[in-house]
Number of protein chains: 2
Amino acid sequence: MLRMTLAACLSVLGLAPTLGAAQVTEFTLENGMQAVVIEDHRAPAVVHMLWYRAGAADEPPGSSGIAHFLEHLMFKATETLESGEFSETVEANGGSDNAFTSWDYTGYFQRVAADRLGLMMQMEADRMRNLRLTDADIATERSVVLEERAQRTDSNPGALFSEQMRASLYLNHPYRIPIVGWRHEMEALDRADVFDFYEQNYSPDNAILVVAGDVTPEEVEALARQYYGPLEPSGIAPRARPSEPPSIADRRVYYEDPRVSDPYVVRNYLAPERDPGDQRTAAALTLLSNVLGGSGATSVLPRVLQVEEERALYASTSYGGMNLDDTVFSIFNVPVPGVSLEEAEADMDRVIAQFLEDGIDPEQFERIKFQWAAEQVYMQDNAAQLARTYGAALTSGLTVADVQEWPDIIASITPEEVMEAARMIFSDTRSVTGYLTAPEDE
Amino acid sequence: MLRMTLAACLSVLGLAPTLGAAQVTEFTLENGMQAVVIEDHRAPAVVHMLWYRAGAADEPPGSSGIAHFLEHLMFKATETLESGEFSETVEANGGSDNAFTSWDYTGYFQRVAADRLGLMMQMEADRMRNLRLTDADIATERSVVLEERAQRTDSNPGALFSEQMRASLYLNHPYRIPIVGWRHEMEALDRADVFDFYEQNYSPDNAILVVAGDVTPEEVEALARQYYGPLEPSGIAPRARPSEPPSIADRRVYYEDPRVSDPYVVRNYLAPERDPGDQRTAAALTLLSNVLGGSGATSVLPRVLQVEEERALYASTSYGGMNLDDTVFSIFNVPVPGVSLEEAEADMDRVIAQFLEDGIDPEQFERIKFQWAAEQVYMQDNAAQLARTYGAALTSGLTVADVQEWPDIIASITPEEVMEAARMIFSDTRSVTGYLTAPEDE
């Protein structure tokens, strides 16, 4: 079966008929608001998402955490809604809602019955422009995000370590700062900071509407015109962030924390992201990560270090190409007790050096491409997931066409392209190596 | 002689009569411009300095190098002067002029005959507000600063290394960026960027006038009122820069460059700076740096590593407290050939650990305090140097009183305070250790 073509394999799995079946259309309102509609008529539900091209990497220096803080505050009062009424209304209509913040975007979504889409747009358009915040709201929600940081970051040595690693990898680019914010800066965020960020970033020309579900593009466009159409654009300038200088030095980070039970070594390389119309390198890196450590025990690092040599509890790689700017290619190795982090690092380096020498096993490569394609097919089947993909892509500088071409690009990548990407990435001067350990005295 | 009091020693050297003899007065114009006058009537000359509270750490993200670039461009045309005419006029009047940029300030100075002070003020006030820049000026001078970067930084492995060390030490604060700028950002600086920075930072309420020489405060104030008085203030907000999060991880930087002939190891610790009315810790650190490595072969590191053990070509420490925000305490060790950088680092650590155990040699401490005081006396004798000290202090958040109290504070620091400062600094989590080497294959 590994020698079958991808199309034949998908056909065997009965997956081919739905591949690419989701109808995706797009339009742009006169005020600059982009919209993507994903039709899925299997259930009378709809996912309504509003994405802003504004995330943690767009924050003014010294105000880290403000994008995420604003995400929380967007559930407070507007001129027509009371604090908390937004989510209560969604719930009263049988729906659910949430929001998320990344470095490149902030997104809000609701899943409701299809006939409630207009109501969602009405409320979302309202809070894009009419947010009302009291000093009490600010104080209360600041405690909430500080507690979120306490729970997710400060109480988690891996998260603290990862924060230090990121701040060490990016010398100049704001991907250096944590999304939740540095604690001392979060504590100082006030109403004026929040409003400045809100007013500079929340406008129709900086927003992307994604609707997925039991709707037609015509219906969505009519509703979008009715609710979002009247909003005035702000004339937002294209995002221009500080970029990295040439990375000429090899860097290392050592973080000791008594709460660490399984020490590990991680190496982060600065890596190119998916660019509009230029995704081949990112596609090769996506496959490289899968080949080396991203697809379970059959990929190179876990196969050698976990299965064959039993020197690692867990070894993996990760790469995410959907970013506006330079991203990260990571290698992790959690050694078995008795193997030091120095040895674990040497293990990691040895396996990768061997891989660079041996090249890719053709059978593994076909298997990974097949797995990857199958995942895409499953994703096509999940309208909410597709909506999230389009939203993230469009706020990361990609187009609908880039998203649609991506599977074909992945399918066309050759082993030679993957090896070329590997040689590019594994150049030491672009890396930061980190050790997370417990103190020896403990 | 080492047991003599400081005053007695200075008297022996014939220095006491001039200590503190410089008359320093200050005034503030109604438009917010601060002024300091240092009288020195020994020669009919005057140093005229204009300092702006705007340096590389005040640049907008992504525009590194703009403060220094503007410093160059300030010698171009204004509404009344042609490009280059400023310096030509100074020279035609028998004077000399120059300018300098740091992280916290940009300064301009001229040394001329005392009766030319009004002319200097007239021209300096003119270019504070009436700078005219053509696109050709921008293009030409951009080549000049890029060439300056090529010569001072890119052709110098130590400078490149130091740039990487600094970018690694500061995770959040803009002291991370190089004053000259990252090359890729310098290449993109344009006229609009320069004018924005000029208009936001160059105004009388953001400037400090320092005049030293054969003048009276009354004369300086009258001239300042005449030339600087009519300039409108901009209502500049206090400088607020991103500050550092807690530094919890030990970091390391490895830079290899084939041009390196003497490899070395350096460790940088984040350290408190001199704060207005609160200079004791910085004073203790100043003496600590002198005790450990800042005053030649008799200080601890060079005595042990260069003289006694002959394991180092050069060992030293440095600390500069005159900064607006957290500064750097550095230790360097350049080992003799045959001693590796790992060994050199261990040597450094061993000597410091021994020092923390042994404490300060009282004779050495008195000698260092004496040397330091003698340097201050010599400095008092140099009006231009004094002017520079006051300008740097005032643009770094200090007051005239802080500068004047500094010698007494230094004199009153006890060995216990120095040891306390040493224990505070030598905590590993606040440090970045770097190795500068040539590649092994070369």
# chains A, B, ... in the order shown; residues from 1 in each chain; ligands from 1

$ residues_around --residues "stretch 160-175 of chain B" --least-positions-apart "5" --cutoff "6 Å" --atoms "only C-alpha atoms" --output "number ranges by chain"
A: 167, 171; B: 57, 153, 242-244, 432

$ residues_around --residues "B:Ala22" --least-positions-apart "2" --cutoff "10 Å" --atoms "only C-alpha atoms" --output "list of chain:residue names"
B:Thr18, B:Leu19, B:Gly20, B:Val24, B:Thr25, B:Val37, B:Ile38, B:Glu39, B:Asp40, B:His41, B:Ala212, B:Gly213, B:Gln380, B:Asp381, B:Asn382, B:Ala383, B:Leu386

$ residues_around --residues "A:Ala207" --least-positions-apart "5" --cutoff "8 Å" --atoms "only C-alpha atoms" --output "list in words"
Met33, Gln34, Leu50, Trp51, Tyr52, Arg53 and Tyr202 of chain A

$ interface_residues --of "chain A" --to "chain B" --cutoff "8 Å" --atoms "only C-alpha atoms" --output "list in words"
Pro61, Gly62, Ser63, Phe161, Gln164, Ala167, Ser168, Leu171, Asn172, Arg176, Ile177, Trp182, Arg183, His184, Arg241, Pro242, Ser243, Pro245, Ile248, Ala249, Asp250, Arg251, Arg252, Val253, Tyr254, Tyr255 and Glu256 of chain A

$ write_last_selection --atoms "C-alpha atoms" --output "PDB file, in the first residue's frame"
ATOM      1  CA  PRO A  61       6.816  47.923  23.566  1.00  0.00           C
ATOM      2  CA  GLY A  62       6.358  47.737  27.320  1.00  0.00           C
ATOM      3  CA  SER A  63       2.690  46.711  27.091  1.00  0.00           C
ATOM      4  CA  PHE A 161      11.632  27.790  30.213  1.00  0.00           C
ATOM      5  CA  GLN A 164      13.088  32.293  28.207  1.00  0.00           C
ATOM      6  CA  ALA A 167      13.085  35.639  24.373  1.00  0.00           C
ATOM      7  CA  SER A 168      16.604  34.357  23.647  1.00  0.00           C
ATOM      8  CA  LEU A 171      16.932  39.261  19.304  1.00  0.00           C
ATOM      9  CA  ASN A 172      14.798  41.944  17.691  1.00  0.00           C
ATOM     10  CA  ARG A 176      10.198  37.467  21.752  1.00  0.00           C
ATOM     11  CA  ILE A 177       7.479  38.492  24.202  1.00  0.00           C
ATOM     12  CA  TRP A 182       5.506  39.685  31.207  1.00  0.00           C
ATOM     13  CA  ARG A 183       4.005  39.840  34.704  1.00  0.00           C
ATOM     14  CA  HIS A 184       5.490  43.233  35.595  1.00  0.00           C
ATOM     15  CA  ARG A 241       7.416  44.689  12.637  1.00  0.00           C
ATOM     16  CA  PRO A 242      11.097  44.744  13.518  1.00  0.00           C
ATOM     17  CA  SER A 243      12.803  41.811  11.835  1.00  0.00           C
ATOM     18  CA  PRO A 245      19.385  40.784  12.311  1.00  0.00           C
ATOM     19  CA  ILE A 248      25.675  34.933  14.044  1.00  0.00           C
ATOM     20  CA  ALA A 249      26.120  33.460  17.517  1.00  0.00           C
ATOM     21  CA  ASP A 250      25.135  30.106  18.936  1.00  0.00           C
ATOM     22  CA  ARG A 251      23.198  30.611  22.160  1.00  0.00           C
ATOM     23  CA  ARG A 252      22.341  28.483  25.173  1.00  0.00           C
ATOM     24  CA  VAL A 253      19.832  28.825  27.990  1.00  0.00           C
ATOM     25  CA  TYR A 254      19.988  26.939  31.296  1.00  0.00           C
ATOM     26  CA  TYR A 255      16.927  26.992  33.510  1.00  0.00           C
ATOM     27  CA  GLU A 256      16.825  25.132  36.805  1.00  0.00           C
TER      28      GLU A 256
END

$ residues_around --residues "A:Leu356" --least-positions-apart "6" --cutoff "10 Å" --atoms "only C-alpha atoms" --output "PyMOL selection string"
chain A and resi 350+419-420+422-423+426
